[in-house]
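S.K.: Once you've had a glance at the structure underneath, I'll fire off some questions.
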Amino acid sequence: MKLDISGSEVIAAPVDVLWKSLNDPAVLTRCIPGCKRMIETSPDTYTVEMQLRVAAVGGSFEGEIALSDKEPPRRCRISVSGSGSLGHGNGEAHFEITAQDDGHSLLSYAGTGEIGGLVAGVGQRILSGVSKHLIGRFFTALRQQFEPAAQAAGARN
């Protein structure tokens, strides 16, 4: 089953700060829904362990995330593949960061994915809704990284 994602989000951070966060495994582990661990296996390549619930079906997932075609601090390609008790999948997305006049950044993204196995059985419409929900949770968590309380907590650690 194919999935397409695209959109844009305004983040309250300058381009270089947002870029650094999007390339930081600790930040991504906190922001990716269900991510339990993200370990760098080689430069710009990571293994991930996740616990996800899709509709009424939940399970574990192990996979790999690779960053390529990087043009710091503006754009990057992300490739994802993996499998687990929910099924298997792979995909690719591109993101681009554009500075806004107010010190914020516009993060635009577009990508496609292919999903198979048990999770594909919930249907295209439900999976599309679930993917939008998970993307929304990612951006909510990412925005929290730039709030004053989160920055103060990071400075203490």
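Chain lettering (A, B, ...) mirrors the order of the structure tokens, residue numbering begins at 1 for each chain separately, and ligand numbering begins at 1 in order of display.
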Residues near Met50 (chain A), anyone? I mean within 6 Å using only C-alpha atoms, not counting same-chain ones fewer than 2 positions away, as JSON, numbers by chain.
M.R.: {"A": [34, 35, 36, 60, 61]}
S.K.: Report as a list in words all protein, DNA and RNA residues lying within 10 Å of Lys70 (chain A), evaluated on only C-alpha atoms, omitting residues in the same chain fewer than 5 positions from it.
M.R.: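 After dropping sequence-adjacent residues, the list is Asp44, Arg75, Cys76, Arg77, Ile78, His94 and Phe95 of chain A.
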S.K.: Would you write out those residues with N, CA and C atoms, as a CSV table (one decimal), in the first residue's frame?
M.R.:
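Now in result.csv:
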chain,number,residue,atom,x,y,z
A,44,ASP,N,25.4,9.6,9.5
A,44,ASP,CA,24.1,9.9,8.9
A,44,ASP,C,23.2,8.6,8.7
A,75,ARG,N,18.5,21.7,3.2
A,75,ARG,CA,17.7,20.6,2.7
A,75,ARG,C,18.4,19.2,2.9
A,76,CYS,N,17.6,18.2,2.9
A,76,CYS,CA,18.1,16.8,3.1
A,76,CYS,C,17.1,15.8,2.6
A,77,ARG,N,17.6,14.6,2.3
A,77,ARG,CA,16.7,13.5,1.9
A,77,ARG,C,16.8,12.5,3.1
A,78,ILE,N,15.7,11.9,3.4
A,78,ILE,CA,15.6,10.9,4.5
A,78,ILE,C,15.0,9.6,3.9
A,94,HIS,N,11.9,14.3,1.4
A,94,HIS,CA,12.8,15.4,1.3
A,94,HIS,C,12.3,16.5,2.2
A,95,PHE,N,13.2,17.2,2.9
A,95,PHE,CA,12.7,18.4,3.6
A,95,PHE,C,13.6,19.6,3.2
S.K.: For each of A:Glu114, A:Asp69, A:Glu64, A:Asp24, take the minimum atom-to-atom distance to Thr41 (chain A), counting only C-alpha atoms, then give the residue where this is smallest.
M.R.: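 For Thr41 (chain A), the nearest of the given residues is A:Glu64.
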S.K.: If DSSP is run on the backbone, what residues of region 2-152 of chain A are helix (DSSP H, G or I)? A reply as a compact mmCIF listing (two decimals) with N, CA, C and O atoms, in the first residue's frame would be ideal.
M.R.:
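As a result, part.txt now contains:
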# COMPACT_ATOMS: atom_id res chain seq x y z
N VAL A 15 16.99 28.95 11.13
CA VAL A 15 17.30 27.84 10.23
C VAL A 15 18.43 26.97 10.77
O VAL A 15 18.31 25.74 10.82
N ASP A 16 19.54 27.57 11.20
CA ASP A 16 20.69 26.77 11.65
C ASP A 16 20.38 25.97 12.91
O ASP A 16 20.84 24.83 13.05
N VAL A 17 19.59 26.53 13.81
CA VAL A 17 19.22 25.82 15.04
C VAL A 17 18.28 24.65 14.71
O VAL A 17 18.43 23.55 15.23
N LEU A 18 17.31 24.89 13.84
CA LEU A 18 16.39 23.83 13.43
C LEU A 18 17.14 22.71 12.72
O LEU A 18 16.92 21.53 12.99
N TRP A 19 18.07 23.07 11.83
CA TRP A 19 18.87 22.07 11.11
C TRP A 19 19.62 21.18 12.10
O TRP A 19 19.62 19.96 11.98
N LYS A 20 20.27 21.83 13.07
CA LYS A 20 21.04 21.06 14.06
C LYS A 20 20.14 20.09 14.82
O LYS A 20 20.49 18.94 15.03
N SER A 21 18.94 20.53 15.19
CA SER A 21 18.00 19.67 15.91
C SER A 21 17.53 18.50 15.07
O SER A 21 17.41 17.38 15.57
N LEU A 22 17.28 18.75 13.78
CA LEU A 22 16.82 17.68 12.89
C LEU A 22 17.92 16.67 12.56
O LEU A 22 17.64 15.63 11.96
N PRO A 25 20.25 12.88 17.03
CA PRO A 25 19.49 11.68 17.39
C PRO A 25 18.74 11.81 18.71
O PRO A 25 17.65 11.27 18.86
N ALA A 26 19.28 12.54 19.67
CA ALA A 26 18.59 12.70 20.96
C ALA A 26 17.30 13.49 20.78
O ALA A 26 16.26 13.14 21.35
N VAL A 27 17.34 14.55 19.98
CA VAL A 27 16.14 15.34 19.72
C VAL A 27 15.13 14.50 18.95
O VAL A 27 13.95 14.46 19.28
N LEU A 28 15.58 13.79 17.93
CA LEU A 28 14.67 12.98 17.12
C LEU A 28 14.03 11.85 17.94
O LEU A 28 12.85 11.55 17.76
N THR A 29 14.79 11.26 18.84
CA THR A 29 14.24 10.21 19.70
C THR A 29 13.08 10.76 20.53
O THR A 29 12.07 10.09 20.72
N ARG A 30 13.23 11.98 21.01
CA ARG A 30 12.16 12.60 21.80
C ARG A 30 10.96 12.99 20.93
O ARG A 30 9.84 13.03 21.42
N CYS A 31 11.19 13.29 19.66
CA CYS A 31 10.12 13.84 18.81
C CYS A 31 9.39 12.80 17.97
O CYS A 31 8.20 12.98 17.67
N LEU A 118 0.53 -6.75 8.13
CA LEU A 118 -0.65 -6.58 8.97
C LEU A 118 -1.16 -5.14 8.97
O LEU A 118 -2.36 -4.89 8.85
N VAL A 119 -0.25 -4.18 9.09
CA VAL A 119 -0.66 -2.78 9.18
C VAL A 119 -1.37 -2.31 7.91
O VAL A 119 -2.27 -1.47 7.96
N ALA A 120 -1.02 -2.84 6.77
CA ALA A 120 -1.66 -2.46 5.52
C ALA A 120 -3.12 -2.90 5.48
O ALA A 120 -3.93 -2.32 4.76
N GLY A 121 -3.47 -3.88 6.29
CA GLY A 121 -4.84 -4.38 6.33
C GLY A 121 -5.85 -3.41 6.91
O GLY A 121 -7.04 -3.62 6.77
N VAL A 122 -5.39 -2.34 7.58
CA VAL A 122 -6.35 -1.40 8.16
C VAL A 122 -6.93 -0.46 7.11
O VAL A 122 -7.90 0.23 7.37
N GLN A 124 -6.33 2.13 3.37
CA GLN A 124 -5.69 3.36 2.92
C GLN A 124 -6.19 4.59 3.69
O GLN A 124 -5.41 5.41 4.14
N ARG A 125 -7.50 4.70 3.83
CA ARG A 125 -8.05 5.89 4.47
C ARG A 125 -7.62 6.00 5.93
O ARG A 125 -7.25 7.07 6.41
N ILE A 126 -7.65 4.90 6.63
CA ILE A 126 -7.24 4.91 8.04
C ILE A 126 -5.76 5.18 8.15
O ILE A 126 -5.32 5.99 8.97
N LEU A 127 -4.94 4.54 7.32
CA LEU A 127 -3.49 4.77 7.37
C LEU A 127 -3.14 6.20 7.04
O LEU A 127 -2.23 6.78 7.64
N SER A 128 -3.83 6.80 6.11
CA SER A 128 -3.59 8.19 5.77
C SER A 128 -3.87 9.08 6.98
O SER A 128 -3.08 9.97 7.31
N GLY A 129 -4.96 8.82 7.68
CA GLY A 129 -5.29 9.58 8.89
C GLY A 129 -4.27 9.35 10.00
O GLY A 129 -3.88 10.30 10.69
N VAL A 130 -3.84 8.11 10.17
CA VAL A 130 -2.85 7.80 11.19
C VAL A 130 -1.53 8.48 10.87
O VAL A 130 -0.89 9.06 11.77
N SER A 131 -1.11 8.47 9.61
CA SER A 131 0.16 9.11 9.27
C SER A 131 0.09 10.61 9.52
O SER A 131 1.04 11.20 10.05
N LYS A 132 -1.03 11.25 9.21
CA LYS A 132 -1.18 12.68 9.50
C LYS A 132 -1.12 12.94 11.00
O LYS A 132 -0.53 13.91 11.46
N HIS A 133 -1.74 12.06 11.77
CA HIS A 133 -1.72 12.19 13.23
C HIS A 133 -0.29 12.07 13.77
O HIS A 133 0.14 12.87 14.61
N LEU A 134 0.46 11.07 13.29
CA LEU A 134 1.84 10.87 13.75
C LEU A 134 2.73 12.05 13.35
O LEU A 134 3.58 12.48 14.13
N ILE A 135 2.54 12.57 12.14
CA ILE A 135 3.31 13.73 11.70
C ILE A 135 2.98 14.93 12.59
O ILE A 135 3.87 15.68 13.01
N GLY A 136 1.71 15.10 12.92
CA GLY A 136 1.31 16.17 13.82
C GLY A 136 1.96 16.04 15.19
O GLY A 136 2.42 17.04 15.76
N ARG A 137 2.01 14.82 15.71
CA ARG A 137 2.67 14.60 17.01
C ARG A 137 4.16 14.91 16.93
O ARG A 137 4.74 15.47 17.87
N PHE A 138 4.81 14.55 15.81
CA PHE A 138 6.23 14.87 15.64
C PHE A 138 6.45 16.37 15.71
O PHE A 138 7.32 16.85 16.43
N PHE A 139 5.65 17.14 14.96
CA PHE A 139 5.86 18.59 14.93
C PHE A 139 5.49 19.25 16.26
O PHE A 139 6.14 20.23 16.65
N THR A 140 4.51 18.74 16.97
CA THR A 140 4.20 19.26 18.30
C THR A 140 5.40 19.07 19.22
O THR A 140 5.81 20.00 19.92
N ALA A 141 5.99 17.88 19.21
CA ALA A 141 7.15 17.60 20.05
C ALA A 141 8.36 18.42 19.60
O ALA A 141 9.13 18.92 20.44
N LEU A 142 8.54 18.59 18.29
CA LEU A 142 9.66 19.40 17.79
C LEU A 142 9.53 20.84 18.23
O LEU A 142 10.49 21.45 18.69
N ARG A 143 8.33 21.40 18.13
CA ARG A 143 8.12 22.79 18.58
C ARG A 143 8.45 22.95 20.06
O ARG A 143 8.98 23.97 20.48
N GLN A 144 8.12 21.95 20.85
CA GLN A 144 8.40 22.02 22.29
C GLN A 144 9.89 22.09 22.57
O GLN A 144 10.29 22.61 23.61
N PRO A 148 10.96 28.08 25.80
CA PRO A 148 11.92 28.47 26.85
C PRO A 148 12.14 27.42 27.94
O PRO A 148 13.26 27.17 28.34
N ALA A 149 11.08 26.73 28.39
CA ALA A 149 11.24 25.71 29.44
C ALA A 149 12.08 24.55 28.94
O ALA A 149 12.93 24.02 29.66
N ALA A 150 11.87 24.13 27.68
CA ALA A 150 12.66 23.02 27.12
C ALA A 150 14.11 23.43 26.96
O ALA A 150 15.02 22.64 27.21
N GLN A 151 14.35 24.67 26.55
CA GLN A 151 15.72 25.13 26.36
C GLN A 151 16.44 25.21 27.71
O GLN A 151 17.61 24.83 27.82
N ALA A 152 15.75 25.67 28.76
CA ALA A 152 16.35 25.74 30.08
C ALA A 152 16.68 24.35 30.60
O ALA A 152 17.74 24.12 31.17
S.K.: Could you tell me which of A:Ile5, A:Ile39, A:Ile97, A:Ile32 comes closest to Glu71 (chain A) if we count only C-alpha atoms?
M.R.: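 Nearest to Glu71 (chain A): A:Ile97.
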S.K.: Nearest to Leu52 (chain A) among A:Arg74, A:Ala66, A:Gln100, A:Leu86, with distances taken over only C-alpha atoms: which residue is it?
M.R.: A:Leu86
S.K.: Can you pull out every residue within 6 Å of Leu106 (chain A), counting only C-alpha atoms, but drop anything in the same chain fewer than 5 positions away, and send it as a list in words?
M.R.: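 The contact residues come out as Glu9, Val10, Ile97 and Thr98 of chain A.
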S.K.: Save the residues we just selected, N, CA and C atoms, as a PDB file, in the first residue's frame?
M.R.:
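Result saved to out20.pdb:
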ATOM      1  N   GLU A   9       5.428  23.370   7.907  1.00  0.00           N
ATOM      2  CA  GLU A   9       5.210  23.790   9.283  1.00  0.00           C
ATOM      3  C   GLU A   9       6.145  24.949   9.599  1.00  0.00           C
ATOM      4  N   VAL A  10       5.644  25.928  10.356  1.00  0.00           N
ATOM      5  CA  VAL A  10       6.481  27.026  10.834  1.00  0.00           C
ATOM      6  C   VAL A  10       6.982  26.644  12.221  1.00  0.00           C
ATOM      7  N   ILE A  97      14.308  23.737   4.592  1.00  0.00           N
ATOM      8  CA  ILE A  97      14.093  24.756   5.618  1.00  0.00           C
ATOM      9  C   ILE A  97      14.346  26.124   4.985  1.00  0.00           C
ATOM     10  N   THR A  98      13.385  27.038   5.157  1.00  0.00           N
ATOM     11  CA  THR A  98      13.481  28.389   4.621  1.00  0.00           C
ATOM     12  C   THR A  98      13.324  29.377   5.763  1.00  0.00           C
TER      13      THR A  98
END
S.K.: Considering only C-alpha atoms, can you say which of A:Ser68, A:Arg37, A:Ala110, A:Asp101 comes closest to Ser8 (chain A)?
M.R.: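 Checking each candidate against Ser8 (chain A), we get A:Ala110 as the closest.
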S.K.: Between A:Gly123, A:Glu92, A:Ala13, A:Phe146, which one has atoms that come closest to Leu67 (chain A), using only C-alpha atoms?
M.R.: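 The closest residue to Leu67 (chain A) is A:Glu92.
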